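So this block is coords_31.tsv, TSV, C-alpha atoms:
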chain	number	residue	atom	x	y	z
H	1429	MET	CA	-24.05	-115.64	83.45
H	1430	GLU	CA	-26.21	-116.55	80.50
H	1431	ILE	CA	-25.05	-116.20	76.91
H	1432	LYS	CA	-27.26	-116.86	73.93
H	1433	VAL	CA	-26.16	-117.15	70.33
H	1434	LEU	CA	-29.01	-116.42	67.93
H	1435	GLY	CA	-29.08	-117.96	64.48
H	1436	PRO	CA	-31.02	-120.45	62.39
H	1437	GLY	CA	-27.82	-122.39	61.69
H	1438	CYS	CA	-25.54	-121.18	58.95
H	1439	ALA	CA	-21.76	-121.01	58.82
H	1440	ASN	CA	-21.71	-117.54	60.43
H	1441	CYS	CA	-23.93	-118.63	63.31
H	1442	HIS	CA	-21.66	-121.58	64.05
H	1443	LYS	CA	-18.65	-119.28	63.98
H	1444	MET	CA	-20.42	-116.93	66.40
H	1445	GLU	CA	-21.08	-119.83	68.77
H	1446	GLU	CA	-17.41	-120.86	68.62
H	1447	LEU	CA	-16.37	-117.27	69.31
H	1448	ALA	CA	-18.63	-117.05	72.34
H	1449	LYS	CA	-17.36	-120.35	73.75
H	1450	THR	CA	-13.73	-119.44	73.19
H	1451	ALA	CA	-14.29	-116.03	74.78
H	1452	VAL	CA	-15.88	-117.59	77.87
H	1453	ASN	CA	-13.02	-120.05	78.11
H	1454	ASP	CA	-10.33	-117.39	77.71
H	1455	LEU	CA	-11.98	-115.11	80.24
H	1456	GLY	CA	-12.26	-118.01	82.66
H	1457	ILE	CA	-15.79	-117.12	83.74
H	1458	GLU	CA	-18.78	-119.25	84.63
H	1459	ALA	CA	-21.23	-118.94	81.78
H	1460	LYS	CA	-23.72	-121.07	79.93
H	1461	VAL	CA	-23.52	-120.64	76.14
H	1462	GLU	CA	-26.77	-121.59	74.49
H	1463	LYS	CA	-27.53	-121.75	70.76
H	1464	ILE	CA	-30.98	-120.43	69.86
H	1465	SER	CA	-32.34	-121.41	66.47
H	1466	GLU	CA	-36.06	-121.10	67.14
H	1467	ILE	CA	-37.41	-118.22	65.06
H	1468	HIS	CA	-39.88	-116.82	67.64
H	1469	GLU	CA	-37.13	-116.68	70.24
H	1470	ILE	CA	-34.68	-115.02	67.82
H	1471	MET	CA	-37.26	-112.40	66.84
H	1472	ARG	CA	-37.64	-111.32	70.47
H	1473	TYR	CA	-34.17	-109.81	70.21
H	1474	THR	CA	-33.29	-109.05	66.61
H	1475	MET	CA	-34.00	-109.76	62.96
H	1476	SER	CA	-30.40	-109.78	61.83
H	1477	THR	CA	-28.59	-112.94	62.75
H	1478	PRO	CA	-26.14	-114.03	63.99
H	1479	GLY	CA	-26.86	-112.38	67.33
H	1480	LEU	CA	-25.15	-112.39	70.70
H	1481	VAL	CA	-27.22	-111.94	73.84
H	1482	VAL	CA	-25.58	-111.60	77.25
H	1483	ASN	CA	-27.82	-111.75	80.32
H	1484	GLY	CA	-30.87	-110.89	78.22
H	1485	LYS	CA	-29.22	-107.95	76.52
H	1486	LEU	CA	-28.50	-107.89	72.77
H	1487	LYS	CA	-24.80	-107.12	72.39
H	1488	HIS	CA	-24.22	-107.85	68.72
H	1489	SER	CA	-26.39	-108.53	65.71
H	1490	GLY	CA	-25.82	-109.24	62.05
H	1491	LYS	CA	-22.92	-109.47	59.70
H	1492	PRO	CA	-19.98	-109.16	59.88
H	1493	LEU	CA	-19.08	-111.05	63.01
H	1494	PRO	CA	-17.21	-109.28	65.79
H	1495	SER	CA	-13.59	-110.24	66.50
H	1496	LEU	CA	-12.75	-112.48	69.45
H	1497	ASP	CA	-11.45	-109.47	71.41
H	1498	LYS	CA	-14.67	-107.61	70.75
H	1499	VAL	CA	-16.73	-110.58	71.92
H	1500	LYS	CA	-14.70	-110.72	75.13
H	1501	ALA	CA	-15.22	-107.00	75.68
H	1502	LEU	CA	-18.98	-107.36	75.08
H	1503	ILE	CA	-19.22	-110.20	77.58
H	1504	LYS	CA	-17.16	-108.33	80.16
H	1505	GLU	CA	-19.50	-105.33	79.94
H	1506	GLU	CA	-22.23	-107.49	81.46
H	1507	ALA	CA	-20.06	-109.43	83.88
B	86	MET	CA	2.91	-97.52	36.53
B	87	LEU	CA	1.38	-100.91	37.28
B	88	GLY	CA	2.32	-101.99	33.76
B	89	GLU	CA	6.00	-101.19	34.34
B	90	PHE	CA	5.98	-102.97	37.66
B	91	VAL	CA	4.46	-106.08	36.09
B	92	SER	CA	6.98	-105.97	33.26
B	93	TYR	CA	9.76	-105.78	35.84
B	94	ILE	CA	8.36	-108.81	37.71
B	95	THR	CA	7.89	-110.95	34.58
B	96	HIS	CA	11.12	-110.13	32.79
B	97	ASP	CA	13.60	-109.27	35.49
B	98	VAL	CA	12.44	-111.15	38.57
B	99	ILE	CA	11.01	-114.32	37.01
B	100	GLY	CA	13.33	-113.96	34.03
B	101	LEU	CA	10.97	-114.73	31.15
B	102	GLU	CA	12.15	-113.64	27.73
B	103	ARG	CA	10.60	-110.45	26.42
B	104	GLY	CA	8.08	-110.89	23.61
B	105	SER	CA	7.67	-114.66	24.05
B	106	GLY	CA	4.16	-116.12	24.26
B	107	LEU	CA	4.74	-117.37	27.78
B	108	SER	CA	5.94	-114.02	29.08
B	109	GLU	CA	2.96	-112.27	27.47
B	110	ALA	CA	0.59	-114.70	29.17
B	111	ALA	CA	2.39	-114.38	32.52
B	112	ALA	CA	2.41	-110.59	32.30
B	113	PHE	CA	-1.30	-110.60	31.49
B	114	PHE	CA	-2.04	-112.93	34.41
B	115	ILE	CA	0.01	-110.92	36.91
B	116	TYR	CA	-1.36	-107.58	35.70
B	117	ASP	CA	-4.99	-108.71	35.88
B	118	THR	CA	-4.55	-110.31	39.26
B	119	ILE	CA	-2.94	-107.26	40.85
B	120	LYS	CA	-5.47	-104.91	39.27
B	121	ILE	CA	-8.47	-106.89	40.50
B	122	PHE	CA	-7.12	-107.35	44.02
B	123	LEU	CA	-6.36	-103.64	44.28
B	124	LEU	CA	-9.84	-102.73	43.04
B	125	LEU	CA	-11.47	-105.25	45.37
B	126	SER	CA	-9.57	-104.08	48.44
B	127	VAL	CA	-10.28	-100.40	47.90
B	128	ILE	CA	-13.94	-100.80	46.98
B	129	ILE	CA	-14.86	-103.42	49.55
B	130	PHE	CA	-13.23	-101.25	52.20
B	131	ALA	CA	-15.21	-98.19	51.11
B	132	VAL	CA	-18.48	-100.12	50.87
B	133	SER	CA	-17.87	-101.69	54.28
B	134	VAL	CA	-17.53	-98.27	55.86
B	135	ALA	CA	-20.74	-97.14	54.13
B	136	ARG	CA	-22.43	-100.36	55.19
B	137	SER	CA	-21.78	-99.82	58.85
B	138	TYR	CA	-24.19	-96.87	58.60
B	139	PHE	CA	-27.02	-99.05	57.25
B	140	PRO	CA	-27.80	-101.86	59.66
B	141	PRO	CA	-30.94	-103.84	58.70
B	142	GLU	CA	-32.88	-102.16	61.54
B	143	LYS	CA	-32.37	-98.75	59.95
B	144	THR	CA	-33.30	-100.04	56.48
B	145	LYS	CA	-36.46	-101.47	57.98
B	146	ARG	CA	-37.39	-98.09	59.47
B	147	ILE	CA	-36.72	-96.32	56.16
B	148	LEU	CA	-38.90	-98.77	54.21
B	149	SER	CA	-41.68	-99.06	56.75
B	150	HIS	CA	-45.03	-97.91	55.29
B	151	LYS	CA	-43.36	-96.63	52.12
B	152	LYS	CA	-45.52	-96.32	49.02
B	153	GLU	CA	-45.05	-98.96	46.38
B	154	PHE	CA	-42.77	-98.17	43.48
B	155	ILE	CA	-40.82	-95.50	45.38
B	156	GLY	CA	-40.51	-98.12	48.08
B	157	ASN	CA	-39.35	-100.72	45.55
B	158	ILE	CA	-36.66	-98.40	44.20
B	159	LEU	CA	-35.42	-97.53	47.69
B	160	ALA	CA	-35.48	-101.18	48.76
B	161	ALA	CA	-33.44	-102.28	45.74
B	162	LEU	CA	-30.85	-99.55	46.42
B	163	LEU	CA	-30.70	-100.33	50.15
B	164	GLY	CA	-30.21	-103.98	49.20
B	165	ILE	CA	-26.76	-103.02	47.92
B	166	VAL	CA	-25.56	-101.43	51.15
B	167	THR	CA	-27.41	-103.30	53.88
B	168	PRO	CA	-25.30	-106.22	55.05
B	169	PHE	CA	-27.14	-109.40	55.80
B	170	CYS	CA	-26.18	-113.00	56.23
B	171	SER	CA	-28.08	-115.42	53.99
B	172	CYS	CA	-29.33	-117.22	57.08
B	173	SER	CA	-31.02	-113.97	58.13
B	174	ALA	CA	-33.49	-114.07	55.24
B	175	VAL	CA	-36.30	-115.49	57.38
B	176	PRO	CA	-35.96	-113.25	60.47
B	177	LEU	CA	-35.40	-110.28	58.18
B	178	PHE	CA	-38.52	-111.08	56.18
B	179	ILE	CA	-40.59	-111.36	59.37
B	180	GLY	CA	-39.07	-108.17	60.77
B	181	PHE	CA	-39.86	-106.21	57.61
B	182	VAL	CA	-43.43	-107.47	57.32
B	183	GLU	CA	-44.05	-106.85	61.01
B	184	ALA	CA	-42.78	-103.28	60.68
B	185	GLY	CA	-45.25	-102.59	57.88
B	186	VAL	CA	-42.90	-102.82	54.92
B	187	PRO	CA	-45.15	-103.80	51.98
B	188	LEU	CA	-44.64	-107.36	50.69
B	189	GLY	CA	-43.45	-106.31	47.23
B	190	VAL	CA	-40.99	-103.82	48.73
B	191	THR	CA	-39.60	-106.55	51.00
B	192	PHE	CA	-39.07	-108.71	47.93
B	193	SER	CA	-37.24	-105.94	46.08
B	194	PHE	CA	-34.80	-105.85	49.00
B	195	LEU	CA	-34.37	-109.62	49.20
B	196	ILE	CA	-33.75	-109.86	45.45
B	197	SER	CA	-31.26	-107.04	45.06
B	198	SER	CA	-29.15	-107.88	48.09
B	199	PRO	CA	-27.43	-111.10	46.92
B	200	MET	CA	-27.46	-110.15	43.23
B	201	VAL	CA	-26.16	-106.58	43.18
B	202	ASN	CA	-23.20	-106.17	45.49
B	203	GLU	CA	-19.74	-104.70	45.49
B	204	VAL	CA	-17.98	-108.02	44.88
B	205	ALA	CA	-20.02	-108.70	41.72
B	206	VAL	CA	-19.54	-105.18	40.43
B	207	VAL	CA	-15.79	-105.04	41.09
B	208	LEU	CA	-15.13	-108.43	39.52
B	209	LEU	CA	-17.08	-107.52	36.39
B	210	TRP	CA	-15.30	-104.16	36.28
B	211	GLY	CA	-11.85	-105.68	36.66
B	212	LEU	CA	-12.38	-108.45	34.12
B	213	PHE	CA	-14.65	-106.87	31.50
B	214	GLY	CA	-14.50	-103.12	32.03
B	215	TRP	CA	-16.67	-100.61	33.86
B	216	GLU	CA	-19.39	-100.54	31.19
B	217	ILE	CA	-20.30	-104.19	31.81
B	218	ALA	CA	-20.20	-103.63	35.57
B	219	ALA	CA	-22.53	-100.63	35.23
B	220	ILE	CA	-24.90	-102.56	32.98
B	221	TYR	CA	-25.03	-105.45	35.43
B	222	MET	CA	-25.70	-103.14	38.36
B	223	GLY	CA	-28.34	-101.15	36.49
B	224	THR	CA	-30.23	-104.14	35.18
B	225	GLY	CA	-29.88	-106.01	38.48
B	226	LEU	CA	-31.59	-103.10	40.21
B	227	LEU	CA	-34.21	-103.00	37.46
B	228	VAL	CA	-34.99	-106.70	37.95
B	229	ALA	CA	-35.28	-106.24	41.73
B	230	ILE	CA	-37.55	-103.18	41.37
B	231	LEU	CA	-39.78	-104.73	38.70
B	232	ALA	CA	-40.11	-108.19	40.25
B	233	GLY	CA	-40.90	-106.68	43.67
B	234	PHE	CA	-43.38	-104.24	42.14
B	235	ILE	CA	-45.23	-107.01	40.28
B	236	ILE	CA	-45.36	-109.21	43.40
B	237	GLY	CA	-46.80	-106.24	45.30
B	238	LYS	CA	-49.44	-105.60	42.66
B	239	LEU	CA	-50.56	-109.24	42.69
B	240	LYS	CA	-51.61	-108.93	46.36
B	241	LEU	CA	-50.17	-112.24	47.49
B	242	GLU	CA	-50.22	-111.60	51.23
B	243	LYS	CA	-52.57	-114.58	51.65
B	244	TRP	CA	-49.70	-116.87	50.64
B	245	VAL	CA	-47.45	-115.73	53.44
B	246	GLU	CA	-47.50	-118.15	56.40
B	247	GLU	CA	-50.04	-116.87	58.95
B	248	TYR	CA	-47.65	-117.03	61.92
B	249	VAL	CA	-45.50	-114.32	60.32
B	250	TYR	CA	-48.19	-111.74	61.05
B	251	LYS	CA	-48.52	-112.89	64.65
B	252	ILE	CA	-44.90	-112.66	65.71
B	253	LYS	CA	-44.17	-109.68	67.87
B	254	THR	CA	-40.61	-108.47	67.79
B	255	GLY	CA	-40.65	-107.74	71.50
B	256	GLN	CA	-38.72	-104.76	72.74
B	257	GLY	CA	-36.69	-104.73	69.51
B	258	GLN	CA	-33.31	-104.24	71.11
B	259	GLU	CA	-30.59	-102.41	69.30
B	260	VAL	CA	-26.86	-102.57	69.65
B	261	SER	CA	-25.07	-99.38	70.58
B	262	THR	CA	-23.69	-97.37	67.66
B	263	GLN	CA	-20.10	-97.63	66.55
B	264	THR	CA	-17.45	-94.95	66.73
B	265	PHE	CA	-15.67	-93.98	63.50
B	266	PRO	CA	-12.41	-95.82	64.32
B	267	GLU	CA	-14.52	-98.88	65.08
B	268	ARG	CA	-16.15	-98.59	61.65
B	269	LEU	CA	-12.72	-98.42	59.99
B	270	GLN	CA	-11.53	-101.36	62.03
B	271	TYR	CA	-14.60	-103.33	61.04
B	272	ALA	CA	-14.18	-102.37	57.38
B	273	LYS	CA	-10.57	-103.55	57.40
B	274	TRP	CA	-11.59	-106.81	58.99
B	275	ASN	CA	-14.48	-107.31	56.57
B	276	THR	CA	-12.27	-106.61	53.54
B	277	ALA	CA	-9.74	-109.20	54.66
B	278	ASP	CA	-12.56	-111.66	55.32
B	279	ILE	CA	-14.10	-111.25	51.85
B	280	LEU	CA	-10.71	-111.43	50.11
B	281	LYS	CA	-9.98	-114.64	51.99
B	282	ARG	CA	-13.18	-116.14	50.64
B	283	VAL	CA	-12.91	-115.02	47.02
B	284	TRP	CA	-9.21	-115.07	46.08
B	285	LEU	CA	-9.29	-118.63	44.79
B	286	PHE	CA	-12.22	-117.90	42.47
B	287	ILE	CA	-10.42	-114.88	41.08
B	288	PHE	CA	-7.27	-116.85	40.28
B	289	LEU	CA	-9.51	-119.50	38.78
B	290	ALA	CA	-11.35	-116.93	36.65
B	291	ILE	CA	-8.18	-115.34	35.32
B	292	GLY	CA	-6.57	-118.75	34.82
B	293	ILE	CA	-9.59	-120.25	33.08
B	294	GLY	CA	-9.88	-117.16	30.94
B	295	GLY	CA	-6.33	-117.70	29.70
B	296	PHE	CA	-6.74	-121.46	29.28
B	297	ILE	CA	-9.98	-121.28	27.32
B	298	HIS	CA	-8.54	-118.47	25.28
B	299	GLY	CA	-5.79	-120.77	24.11
B	300	TYR	CA	-7.29	-124.22	23.99
B	301	VAL	CA	-11.06	-124.56	23.64
B	302	PRO	CA	-12.20	-124.04	20.04
B	303	GLU	CA	-13.77	-120.65	19.55
B	304	ASP	CA	-17.04	-121.75	18.05
B	305	PHE	CA	-17.75	-124.70	20.33
B	306	LEU	CA	-20.26	-122.95	22.59
B	307	VAL	CA	-21.24	-120.27	20.15
B	308	ARG	CA	-22.60	-122.93	17.84
B	309	TYR	CA	-25.07	-123.97	20.54
B	310	ALA	CA	-25.71	-120.86	22.55
B	311	GLY	CA	-24.57	-117.93	20.45
B	312	ASN	CA	-26.57	-114.97	19.28
B	313	GLY	CA	-28.13	-116.99	16.49
B	314	ASN	CA	-29.99	-119.21	18.92
B	315	PRO	CA	-33.17	-117.46	20.11
B	316	PHE	CA	-33.41	-119.85	23.06
B	317	ALA	CA	-29.94	-119.07	24.43
B	318	VAL	CA	-31.23	-116.66	27.10
B	319	PRO	CA	-34.06	-118.80	28.51
B	320	MET	CA	-31.71	-121.78	28.44
B	321	ALA	CA	-29.05	-119.88	30.39
B	322	VAL	CA	-31.67	-118.77	32.93
B	323	ALA	CA	-33.14	-122.28	33.26
B	324	ILE	CA	-29.69	-123.69	33.97
B	325	GLY	CA	-28.81	-120.86	36.37
B	326	VAL	CA	-31.95	-120.79	38.52
B	327	PRO	CA	-31.47	-124.00	40.54
B	328	LEU	CA	-27.72	-123.42	40.85
B	329	TYR	CA	-26.40	-121.33	43.64
B	330	SER	CA	-23.18	-119.51	44.04
B	331	ASN	CA	-22.20	-116.11	45.30
B	332	ALA	CA	-20.99	-113.56	42.76
B	333	ALA	CA	-17.33	-114.54	43.16
B	334	GLY	CA	-17.97	-118.23	42.61
B	335	VAL	CA	-19.84	-117.74	39.36
B	336	ILE	CA	-17.26	-115.36	37.91
B	337	PRO	CA	-14.87	-118.03	36.52
B	338	ILE	CA	-17.78	-119.56	34.57
B	339	VAL	CA	-18.93	-116.14	33.41
B	340	TYR	CA	-15.44	-115.37	32.19
B	341	ALA	CA	-15.22	-118.66	30.34
B	342	LEU	CA	-18.60	-118.17	28.64
B	343	MET	CA	-17.77	-114.61	27.67
B	344	GLU	CA	-14.36	-115.62	26.24
B	345	LYS	CA	-16.08	-118.21	24.12
B	346	GLY	CA	-18.18	-115.56	22.48
B	347	LEU	CA	-21.52	-116.00	24.21
B	348	SER	CA	-23.37	-112.74	23.94
B	349	MET	CA	-23.34	-110.35	26.85
B	350	GLY	CA	-27.07	-110.52	27.60
B	351	THR	CA	-27.00	-114.30	27.80
B	352	VAL	CA	-24.04	-114.33	30.18
B	353	LEU	CA	-25.37	-111.57	32.46
B	354	ALA	CA	-28.76	-113.32	32.60
B	355	PHE	CA	-26.98	-116.52	33.61
B	356	MET	CA	-25.04	-114.73	36.35
B	357	MET	CA	-28.20	-113.07	37.72
B	358	ALA	CA	-30.11	-116.35	37.71
B	359	VAL	CA	-27.32	-118.07	39.64
B	360	THR	CA	-26.86	-115.39	42.29
B	361	ALA	CA	-30.47	-114.27	42.79
B	362	LEU	CA	-32.36	-117.55	42.80
B	363	SER	CA	-31.45	-120.94	44.17
B	364	LEU	CA	-32.91	-124.11	45.56
B	365	PRO	CA	-31.40	-123.69	49.07
B	366	GLU	CA	-32.81	-120.15	49.25
B	367	MET	CA	-36.25	-121.43	48.24
B	368	ILE	CA	-36.09	-124.03	51.02
B	369	ILE	CA	-35.18	-121.32	53.55
B	370	LEU	CA	-37.96	-119.01	52.33
B	371	ARG	CA	-40.46	-121.88	52.46
B	372	LYS	CA	-40.53	-121.28	56.23
B	373	VAL	CA	-42.35	-118.00	55.66
B	374	LEU	CA	-43.88	-118.34	52.18
B	375	LYS	CA	-46.40	-120.86	50.91
B	376	ILE	CA	-45.52	-122.80	47.79
B	377	PRO	CA	-47.73	-120.81	45.35
B	378	LEU	CA	-45.94	-117.59	46.36
B	379	LEU	CA	-42.55	-119.25	45.98
B	380	ALA	CA	-43.57	-120.42	42.52
B	381	VAL	CA	-44.79	-116.96	41.53
B	382	PHE	CA	-41.57	-115.44	42.89
B	383	ALA	CA	-39.37	-117.85	40.91
B	384	GLY	CA	-41.51	-117.38	37.79
B	385	ILE	CA	-41.41	-113.58	37.89
B	386	MET	CA	-37.67	-113.58	38.54
B	387	ALA	CA	-36.99	-115.96	35.67
B	388	ALA	CA	-39.19	-113.88	33.36
B	389	THR	CA	-37.64	-110.50	34.25
B	390	ILE	CA	-34.08	-111.87	34.05
B	391	THR	CA	-34.84	-113.40	30.65
B	392	ALA	CA	-36.29	-110.09	29.47
B	393	VAL	CA	-33.13	-108.28	30.57
B	394	GLY	CA	-31.01	-110.84	28.71
B	395	TYR	CA	-32.96	-110.34	25.49
B	396	LEU	CA	-32.85	-106.58	25.92
B	397	PHE	CA	-29.04	-106.61	26.00
B	398	ASN	CA	-28.65	-109.07	23.20
B	399	THR	CA	-30.78	-106.72	21.10
B	400	ILE	CA	-29.07	-103.43	22.03
B	401	LEU	CA	-25.43	-104.48	22.29
Go ahead and express the file in the form of structure tokens.
Amino acid sequence: MEIKVLGPGCANCHKMEELAKTAVNDLGIEAKVEKISEIHEIMRYTMSTPGLVVNGKLKHSGKPLPSLDKVKALIKEEA
Amino acid sequence: MLGEFVSYITHDVIGLERGSGLSEAAAFFIYDTIKIFLLLSVIIFAVSVARSYFPPEKTKRILSHKKEFIGNILAALLGIVTPFCSCSAVPLFIGFVEAGVPLGVTFSFLISSPMVNEVAVVLLWGLFGWEIAAIYMGTGLLVAILAGFIIGKLKLEKWVEEYVYKIKTGQGQEVSTQTFPERLQYAKWNTADILKRVWLFIFLAIGIGGFIHGYVPEDFLVRYAGNGNPFAVPMAVAIGVPLYSNAAGVIPIVYALMEKGLSMGTVLAFMMAVTALSLPEMIILRKVLKIPLLAVFAGIMAATITAVGYLFNTIL
């Protein structure tokens, strides 16, 4: 499973990355969490960061951030 | 009702003597604090629900290929309700331009969003009354509309980095829409999140207000920056432009300046300059804008904010 966190690197993007990692840990699944800060790559998915992409699908974008439970649910949808 | 409750807390629970200076000050502090937190909770919650209906993607569609002026007005208004993280400024800018939103209209949006928002309006309302809040909101929108309109008229597209026009947004994925309970849940969460970030500034503002009221001599600032000084407004703007803070962070300073008798126009101009323009934002926008356009942007903003400051010092 491939998880991407989209964001140029502000406080919210870091929080999103933490959320994704915690969610993966809690769910006990095999997944690579990757932080994407390159603008061309971000723009392929969304213009409102922070974004969460699971297996190539945009699951969340923009502010406010989803809760940890929501992130888990979003990841499970693609599992 | 709130007054009676506060009186009960100060006199009966804390046990301060009625009519003493300390109990007056404590009652004032408790009353103001409760009032502002109530206002903030209710209004942020309502705005958060409204916001969930205006994701940036929708705003982009609304503004795409809009005529100038009408577009500028719409963009400034949408800036209030469209949530976006400050780090999104660059992708948002590219997304707007790519979707055919005119440059000046895009600017109107980017200007109004950090400057005119529910936190700023509620704090001004709670501390200085609804008239000041309405004036701030009205003039903030005016600045965003005017500055964006002027930038549009100047035809500065050549000073946008070329790569911006080449980026293709791909399939432009969208997240599935929320159900109403989800929106409420999100609004609740967002309200708690904002309160967590601003409560300290609010205590600070109310505390500083009381402190300055009692201790700093009344004419200290007024002598240098009062109504008599024609350079007060440009000075306030010049100091505010490089500084950055969100609306909540600047409020304690605003309160202090206002208490010390600085005129309304000067203080509002300062607050706008702090929230709307900053060095870090310029550095972020440098990724998509060439330096001449950044300079024009900063210049036009400073000029319109100064004009608004003078306008209020003249009328009020």
**Request:** Could you please determine the separation between atom CA of Val260 of chain B and atom CA of Leu1434 of chain H in Å, to one decimal place?
**Result:**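 Interatomic distance, atom CA of Val260 of chain B to atom CA of Leu1434 of chain H: 14.1 Å.
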With 8 Å as the cut-off and all atoms listed in the file counted, what is the closest atom pair between each nearby residue of chain H and chain B? Distances in Å to one decimal, ordered by chain and number, as a tab-separated table.
residue	atom	partner	partner_atom	distance
H:Gly1435	CA	B:Cys172	CA	7.4
H:Pro1436	CA	B:Cys172	CA	6.4
H:Gly1437	CA	B:Cys172	CA	7.1
H:Cys1438	CA	B:Cys172	CA	5.8
H:Asn1440	CA	B:Cys170	CA	7.6
H:Ile1467	CA	B:Pro176	CA	6.9
H:His1468	CA	B:Ile252	CA	6.8
H:Ile1470	CA	B:Pro176	CA	7.7
H:Met1471	CA	B:Thr254	CA	5.3
H:Arg1472	CA	B:Gly255	CA	4.8
H:Tyr1473	CA	B:Gln258	CA	5.7
H:Thr1474	CA	B:Gly257	CA	6.2
H:Met1475	CA	B:Pro176	CA	4.7
H:Ser1476	CA	B:Ser173	CA	5.6
H:Thr1477	CA	B:Ser173	CA	5.3
H:Pro1478	CA	B:Ser173	CA	7.6
H:Lys1485	CA	B:Gln258	CA	7.7
H:Leu1486	CA	B:Gln258	CA	6.3
H:Lys1487	CA	B:Val260	CA	5.7
H:His1488	CA	B:Val260	CA	6.0
H:Ser1489	CA	B:Val260	CA	7.2
H:Gly1490	CA	B:Phe169	CA	6.4
H:Lys1491	CA	B:Phe169	CA	5.7
H:Pro1492	CA	B:Asn275	CA	6.7
Would you save the residues from that selection as a tab-separated table (two decimals), in the coordinates of the input, using C-alpha atoms?
chain	number	residue	atom	x	y	z
H	1435	GLY	CA	-29.08	-117.96	64.48
H	1436	PRO	CA	-31.02	-120.45	62.39
H	1437	GLY	CA	-27.82	-122.39	61.69
H	1438	CYS	CA	-25.54	-121.18	58.95
H	1440	ASN	CA	-21.71	-117.54	60.43
H	1467	ILE	CA	-37.41	-118.22	65.06
H	1468	HIS	CA	-39.88	-116.82	67.64
H	1470	ILE	CA	-34.68	-115.02	67.82
H	1471	MET	CA	-37.26	-112.40	66.84
H	1472	ARG	CA	-37.64	-111.32	70.47
H	1473	TYR	CA	-34.17	-109.81	70.21
H	1474	THR	CA	-33.29	-109.05	66.61
H	1475	MET	CA	-34.00	-109.76	62.96
H	1476	SER	CA	-30.40	-109.78	61.83
H	1477	THR	CA	-28.59	-112.94	62.75
H	1478	PRO	CA	-26.14	-114.03	63.99
H	1485	LYS	CA	-29.22	-107.95	76.52
H	1486	LEU	CA	-28.50	-107.89	72.77
H	1487	LYS	CA	-24.80	-107.12	72.39
H	1488	HIS	CA	-24.22	-107.85	68.72
H	1489	SER	CA	-26.39	-108.53	65.71
H	1490	GLY	CA	-25.82	-109.24	62.05
H	1491	LYS	CA	-22.92	-109.47	59.70
H	1492	PRO	CA	-19.98	-109.16	59.88
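Neighbouring residues of Leu231 of chain B at 8 Å or closer, counting all atoms listed in the file and skipping chain neighbours under 3 positions away, are Asn157, Ser193, Leu227, Val228, Phe234, Ile235 and Thr389 of chain B.
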**Prompt:** Could you state the separation of atom CA of Leu364 of chain B and atom CA of Leu209 of chain B in Å, given to one decimal place?
**Reply:**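 Answer for the atom CA of Leu364 of chain B to atom CA of Leu209 of chain B separation: 24.7 Å.
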**Request:** Tell me, as a ChimeraX atom specification, which residues lie within 12 Å of segment 286-288 of chain B, counting only C-alpha atoms; anything in the same chain fewer than 2 positions away does not count.
**Result:** /B:114-122,125,204-205,207-209,211-212,279-284,290-296,330-340
**Prompt:** So how many Å separate atom CA of Ala361 of chain B and atom CA of Leu195 of chain B, to one decimal?
**Reply:** 8.8 Å
**Prompt:** Between B:Phe213, B:Phe382, B:Phe90, B:Phe316, which one has atoms that come closest to Glu366 of chain B, using all atoms listed in the file?
**Reply:** B:Phe382
**Non-local contacts of Glu1506 of chain H (12 Å; all atoms listed in the file; under 6 positions in same chain excluded) as a PyMOL selection string** = chain H and resi 1429-1431+1457+1459+1481-1487+1499-1500
**Request:** Would you mind telling me which residue in B:Ala135, B:Glu153, B:Ala111, B:Gly88 lies nearest to Leu269 of chain B when using only C-alpha atoms?
**Result:**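 Looking only at the distances to Leu269 of chain B, the closest residue turns out to be B:Ala135.
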Residue neighbourhood Ala388 of chain B, 10 Å, all atoms listed in the file, exclusion window fewer than 3 positions, as a PDB file with C-alpha atoms, in the coordinates of the input:
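The new file out-v3.pdb reads:
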ATOM      1  CA  VAL B 228     -34.990-106.700  37.950  1.00  0.00           C
ATOM      2  CA  ALA B 232     -40.110-108.190  40.250  1.00  0.00           C
ATOM      3  CA  PRO B 319     -34.060-118.800  28.510  1.00  0.00           C
ATOM      4  CA  VAL B 322     -31.670-118.770  32.930  1.00  0.00           C
ATOM      5  CA  PHE B 382     -41.570-115.440  42.890  1.00  0.00           C
ATOM      6  CA  ALA B 383     -39.370-117.850  40.910  1.00  0.00           C
ATOM      7  CA  GLY B 384     -41.510-117.380  37.790  1.00  0.00           C
ATOM      8  CA  ILE B 385     -41.410-113.580  37.890  1.00  0.00           C
ATOM      9  CA  THR B 391     -34.840-113.400  30.650  1.00  0.00           C
ATOM     10  CA  ALA B 392     -36.290-110.090  29.470  1.00  0.00           C
ATOM     11  CA  VAL B 393     -33.130-108.280  30.570  1.00  0.00           C
ATOM     12  CA  GLY B 394     -31.010-110.840  28.710  1.00  0.00           C
TER      13      GLY B 394
END
**Asp1497 of chain H surroundings by all atoms listed in the file, 9 Å radius, close-in-sequence under 4 positions cut, as a ChimeraX atom specification** = /H:1451,1501-1502
**Request:** Anything within 6 Å of (-30.9, -121.1, 70.0): list those residues as a ChimeraX atom specification, counting only C-alpha atoms and sticking to the file's coordinates.
**Result:** /H:1434,1463-1466
